[in-house]
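*Asks:* Quick one, protein-v3.txt (compact mmCIF, C-alpha atoms):
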```
# COMPACT_ATOMS: atom_id res chain seq x y z
CA ARG A 1 138.91 85.10 28.45
CA LYS A 2 139.53 82.25 30.90
CA GLU A 3 141.06 83.19 34.25
CA VAL A 4 143.82 80.59 33.88
CA GLU A 5 144.84 79.48 30.41
CA GLN A 6 146.94 76.51 29.42
CA ASP A 7 147.75 74.78 26.15
CA PRO A 8 145.77 71.52 26.38
CA GLY A 9 148.38 69.57 24.40
CA PRO A 10 148.95 66.68 24.24
CA PHE A 11 152.69 67.01 24.43
CA ASN A 12 154.20 63.76 23.16
CA VAL A 13 157.85 63.45 24.17
CA PRO A 14 160.40 60.62 24.32
CA GLU A 15 161.82 59.43 27.61
CA GLY A 16 164.69 61.61 28.73
CA ALA A 17 163.41 64.71 27.00
CA THR A 18 162.97 68.10 28.61
CA VAL A 19 159.50 69.59 28.32
CA ALA A 20 158.08 72.94 29.39
CA PHE A 21 154.51 73.98 30.07
CA ASN A 22 153.26 77.53 30.29
CA CYS A 23 150.25 79.10 31.88
CA THR A 24 148.85 82.64 31.98
CA TYR A 25 146.44 84.06 34.56
CA SER A 26 144.22 87.12 34.40
CA ASN A 27 143.78 88.15 38.05
CA SER A 28 146.70 90.41 38.91
CA ALA A 29 145.71 90.21 42.61
CA SER A 30 146.44 86.48 42.75
CA GLN A 31 148.87 85.64 45.51
CA SER A 32 149.29 81.86 45.46
CA PHE A 33 150.33 79.69 42.56
CA PHE A 34 150.61 75.94 42.20
CA TRP A 35 151.12 73.10 39.78
CA TYR A 36 148.98 70.02 40.30
CA ARG A 37 149.28 66.67 38.59
CA GLN A 38 146.23 64.61 37.70
CA ASP A 39 146.37 61.03 36.48
CA CYS A 40 143.57 59.68 34.31
CA ARG A 41 140.31 59.44 36.28
CA LYS A 42 142.06 60.29 39.55
CA GLU A 43 142.03 63.30 41.86
CA PRO A 44 144.51 66.19 41.42
CA LYS A 45 147.61 66.03 43.58
CA LEU A 46 149.86 68.93 44.48
CA LEU A 47 153.11 68.79 42.52
CA MET A 48 154.64 72.01 43.77
CA SER A 49 153.92 75.55 44.85
CA VAL A 50 155.35 78.32 42.70
CA TYR A 51 157.31 81.20 44.19
CA SER A 52 158.45 84.48 42.68
CA SER A 53 162.06 83.46 43.10
CA GLY A 54 161.44 80.22 41.24
CA ASN A 55 161.76 76.83 42.84
CA GLU A 56 163.08 73.42 41.99
CA ASP A 57 162.15 69.96 43.20
CA GLY A 58 164.32 67.30 41.66
CA ARG A 59 163.60 67.19 37.94
CA PHE A 60 160.86 69.82 38.21
CA THR A 61 161.39 73.58 38.09
CA ALA A 62 158.64 76.16 38.43
CA GLN A 63 158.89 79.86 37.60
CA LEU A 64 156.54 82.78 38.18
CA ASN A 65 156.59 86.08 36.28
CA ARG A 66 154.18 88.43 38.03
CA ALA A 67 154.70 91.28 35.56
CA SER A 68 153.62 89.08 32.65
CA GLN A 69 151.19 87.01 34.77
CA TYR A 70 152.84 83.88 33.54
CA ILE A 71 153.78 80.60 35.23
CA SER A 72 155.94 77.83 33.84
CA LEU A 73 156.83 74.25 34.69
CA LEU A 74 159.94 72.56 33.34
CA ILE A 75 160.39 68.80 33.53
CA ARG A 76 163.86 67.45 32.84
CA ASP A 77 164.77 63.85 31.98
CA SER A 78 161.13 62.84 31.44
CA LYS A 79 160.05 59.44 32.74
CA LEU A 80 157.20 57.27 31.53
CA SER A 81 155.59 57.85 34.94
CA ASP A 82 155.43 61.61 34.26
CA SER A 83 152.60 60.95 31.79
CA ALA A 84 149.63 62.82 33.25
CA THR A 85 147.70 66.07 33.01
CA TYR A 86 149.37 69.08 34.63
CA LEU A 87 147.06 71.70 36.07
CA CYS A 88 148.10 75.30 36.63
CA VAL A 89 146.34 76.72 39.69
CA VAL A 90 146.06 80.20 41.18
CA ASN A 91 144.03 81.55 44.06
CA GLY A 92 141.03 83.06 42.37
CA ASN A 93 139.71 85.69 44.72
CA ASN A 94 141.06 88.28 47.09
CA ALA A 95 139.84 86.32 50.11
CA GLY A 96 142.29 83.68 49.07
CA ASN A 97 140.01 80.73 49.58
CA MET A 98 139.08 79.81 46.03
CA LEU A 99 141.48 78.00 43.75
CA THR A 100 141.10 78.58 40.03
CA PHE A 101 142.35 75.75 37.85
CA GLY A 102 143.45 75.91 34.26
CA GLY A 103 142.12 73.31 31.88
CA GLY A 104 145.31 71.28 32.14
CA THR A 105 148.09 70.26 29.78
CA ARG A 106 148.34 66.61 28.90
CA LEU A 107 151.79 65.05 28.76
CA MET A 108 152.54 61.67 27.22
CA VAL A 109 156.05 60.32 27.61
CA LYS A 110 156.88 57.56 25.13
CA PRO A 111 159.58 54.86 25.42
CA GLU B 1 146.10 58.23 50.83
CA THR B 2 144.95 61.75 51.75
CA GLY B 3 142.51 60.73 54.48
CA VAL B 4 139.68 62.44 52.59
CA THR B 5 136.93 60.01 51.69
CA GLN B 6 134.01 60.58 49.38
CA SER B 7 130.87 58.59 48.71
CA PRO B 8 129.45 57.30 46.54
CA THR B 9 132.29 56.79 44.06
CA HIS B 10 129.99 56.41 41.06
CA LEU B 11 126.31 57.07 40.53
CA ILE B 12 123.81 57.52 37.75
CA LYS B 13 120.82 59.82 38.10
CA THR B 14 118.00 60.92 35.84
CA ARG B 15 117.50 64.51 34.75
CA GLY B 16 115.36 66.37 37.30
CA GLN B 17 116.35 64.18 40.22
CA GLN B 18 118.27 65.26 43.30
CA VAL B 19 121.63 63.94 44.50
CA THR B 20 123.61 64.10 47.74
CA LEU B 21 127.36 63.55 47.76
CA ARG B 22 129.29 63.07 50.97
CA CYS B 23 132.79 63.89 52.13
CA SER B 24 134.72 63.05 55.27
CA SER B 25 137.58 65.44 55.82
CA GLN B 26 141.03 64.56 57.04
CA SER B 27 141.40 64.40 60.81
CA GLY B 28 142.10 67.87 62.23
CA HIS B 29 140.81 69.70 59.16
CA ASN B 30 137.98 72.20 59.65
CA THR B 31 137.57 73.37 56.06
CA VAL B 32 135.99 71.57 53.12
CA SER B 33 135.84 72.83 49.53
CA TRP B 34 133.87 71.31 46.69
CA TYR B 35 134.86 71.36 43.04
CA GLN B 36 133.17 70.18 39.85
CA GLN B 37 135.33 68.78 37.06
CA ALA B 38 133.68 68.17 33.70
CA LEU B 39 135.38 65.86 31.23
CA GLY B 40 138.43 67.49 29.64
CA GLN B 41 138.32 70.54 31.89
CA GLY B 42 139.98 71.67 35.08
CA PRO B 43 138.11 71.60 38.40
CA GLN B 44 135.79 74.54 39.09
CA PHE B 45 135.19 75.86 42.61
CA ILE B 46 131.63 75.36 43.83
CA PHE B 47 131.85 76.51 47.46
CA GLN B 48 133.77 76.18 50.69
CA TYR B 49 132.64 75.43 54.23
CA TYR B 50 134.63 76.56 57.23
CA ARG B 51 133.49 75.65 60.73
CA GLU B 52 130.00 74.79 59.49
CA GLU B 53 129.45 78.08 57.62
CA GLU B 54 129.63 78.71 53.86
CA ASN B 55 132.83 80.68 53.30
CA GLY B 56 132.81 81.56 49.62
CA ARG B 57 130.97 80.42 46.54
CA GLY B 58 131.85 80.07 42.89
CA ASN B 59 129.65 80.72 39.89
CA PHE B 60 127.10 77.95 40.49
CA PRO B 61 123.30 78.30 40.71
CA PRO B 62 121.41 77.97 44.02
CA ARG B 63 120.35 74.42 43.19
CA PHE B 64 123.89 73.53 44.30
CA SER B 65 123.84 73.64 48.08
CA GLY B 66 125.94 72.27 50.87
CA LEU B 67 126.26 71.55 54.51
CA GLN B 68 129.06 70.99 56.98
CA PHE B 69 128.55 69.02 60.17
CA PRO B 70 130.10 69.52 63.63
CA ASN B 71 132.64 66.79 62.84
CA TYR B 72 133.55 68.83 59.72
CA SER B 73 132.30 66.26 57.26
CA SER B 74 130.29 67.77 54.45
CA GLU B 75 127.53 67.17 51.93
CA LEU B 76 126.96 68.58 48.48
CA ASN B 77 123.36 68.57 47.29
CA VAL B 78 122.29 69.21 43.73
CA ASN B 79 118.61 69.63 42.92
CA ALA B 80 116.85 69.45 39.55
CA LEU B 81 119.76 67.67 37.91
CA GLU B 82 120.66 68.66 34.36
CA LEU B 83 122.66 66.70 31.81
CA ASP B 84 125.53 69.21 32.15
CA ASP B 85 125.86 68.31 35.83
CA SER B 86 127.56 65.10 34.73
CA ALA B 87 131.07 65.45 36.12
CA LEU B 88 133.59 64.38 38.73
CA TYR B 89 132.80 66.07 42.04
CA LEU B 90 135.86 66.60 44.18
CA CYS B 91 135.98 67.35 47.86
CA ALA B 92 139.10 68.89 49.37
CA SER B 93 139.86 69.41 53.02
CA SER B 94 142.39 71.70 54.70
CA GLN B 95 143.36 72.92 58.14
CA GLY B 96 142.07 76.40 57.33
CA PRO B 97 140.27 78.39 54.63
CA GLY B 98 143.24 80.17 53.07
CA THR B 99 145.09 78.91 50.04
CA LEU B 100 148.35 78.85 51.97
CA ASP B 101 146.87 75.86 53.77
CA THR B 102 147.63 72.70 51.85
CA ILE B 103 144.47 71.11 50.54
CA TYR B 104 143.94 67.40 50.15
CA PHE B 105 141.54 66.03 47.57
CA GLY B 106 139.41 62.94 47.91
CA GLU B 107 139.14 60.52 45.02
CA GLY B 108 135.90 62.10 43.88
CA SER B 109 132.36 61.07 43.05
CA TRP B 110 131.56 60.40 39.40
CA LEU B 111 128.05 61.60 38.61
CA THR B 112 126.34 60.73 35.34
CA VAL B 113 123.00 62.37 34.57
CA VAL B 114 120.94 60.69 31.87
```
Can I see the file as structure tokens?
*Replies:*
Amino acid sequence: RKEVEQDPGPFNVPEGATVAFNCTYSNSASQSFFWYRQDCRKEPKLLMSVYSSGNEDGRFTAQLNRASQYISLLIRDSKLSDSATYLCVVNGNNAGNMLTFGGGTRLMVKP
Amino acid sequence: ETGVTQSPTHLIKTRGQQVTLRCSSQSGHNTVSWYQQALGQGPQFIFQYYREEENGRGNFPPRFSGLQFPNYSSELNVNALELDDSALYLCASSQGPGTLDTIYFGEGSWLTVV
């Protein structure tokens, strides 16, 4: 079983749609959680950290469920520019210095 | 721009050869982590250097080695290249070794092994 699992997609949605991505992780000792965005052939960029209380940044909302070891990302009012791969990331060891990435979920927003 | 620069951006090597990839960290950052990203997969942690010492290693064989210099720039060396080493190699720098420290990725080095 992979340490961080994501549905690879692609998710094809029209502009303005709401789309949700899910991610599960296996290491119950993980303390830090993130969503990264990666454009085609570019480096990953931090989209947002994920907190137990849930957090929102504009059109993006992230949720963490520690009991189920589950992380989600909700994107409202999708824009064409949201088309990218979204990577779920957790810290992968107890020393906290290794990030474990999921395989990514590809999103394509269509006009 | 993250201030993290990597070189070369693209290179092609033959199986069995050796390669050195370089990374200059952002000013003020003392920690560099290296990741390998194969096509269609997420990045995988190779190792981290903190103040010139290796500070954690992922599941990679010893032919993957690294170095960090007093100015905190870093090198990744891969010996006896295999076809499966073809990937995007990402360097990330941060102010410290913990994951609460924001990390900044460079644009990566694309390695093709033929």
*Asks:* Neighbouring residues of region 8-20 of chain A were defined as those with any atom within 7 Å, considering only C-alpha atoms; residues of the same chain fewer than 4 positions away were excluded. Please report them as a list in words.
*Replies:*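 Contacts, in chain order: Ser72, Leu73, Leu74, Ile75, Arg76, Asp77, Ser78, Lys79, Leu80, Gly103, Gly104, Thr105, Arg106, Leu107, Met108, Val109, Lys110 and Pro111 of chain A.
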*Asks:* With only C-alpha atoms considered, list every residue of chain B at most 6 Å from chain A, as a PyMOL selection string.
*Replies:* chain B and resi 41-43+97-99+107
*Asks:* Using only C-alpha atoms, can you tell me which of A:Trp35, A:Ala84, A:Phe60, A:Thr24 comes closest to Met48 (chain A)?
*Replies:* A:Trp35
*Asks:* Can you tell me, as a compact mmCIF listing (two decimals) with C-alpha atoms, in the frame of the given file, what residues are no more than 9 Å from Tyr49 (chain B) when counting only C-alpha atoms, ignoring any on the same chain fewer than 6 positions away?
*Replies:*
```txt
# COMPACT_ATOMS: atom_id res chain seq x y z
CA ASN B 30 137.98 72.20 59.65
CA THR B 31 137.57 73.37 56.06
CA VAL B 32 135.99 71.57 53.12
CA SER B 33 135.84 72.83 49.53
CA TRP B 34 133.87 71.31 46.69
CA ASN B 55 132.83 80.68 53.30
CA GLY B 56 132.81 81.56 49.62
CA GLY B 66 125.94 72.27 50.87
CA LEU B 67 126.26 71.55 54.51
CA GLN B 68 129.06 70.99 56.98
CA TYR B 72 133.55 68.83 59.72
CA SER B 74 130.29 67.77 54.45
CA PRO B 97 140.27 78.39 54.63
```
*Asks:* Give me, please, the distance in Å between CA of Glu75 (chain B) and CA of Ser30 (chain A), quoted to one decimal.
*Replies:*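 Calculated distance between CA of Glu75 (chain B) and CA of Ser30 (chain A) is 28.5 Å.
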*Asks:* Could you work out how far CA of Cys23 (chain B) lies from CA of Gly108 (chain B), giving the answer in Å with one decimal?
*Replies:*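 Between CA of Gly108 (chain B) and CA of Cys23 (chain B) the gap is 9.0 Å.
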*Asks:* With all atoms listed in the file as the basis for distance, which of A:Ile71, A:Gln6, A:Ser81, A:Asn65 is at the shortest distance from Asp39 (chain A)?
*Replies:* A:Ser81
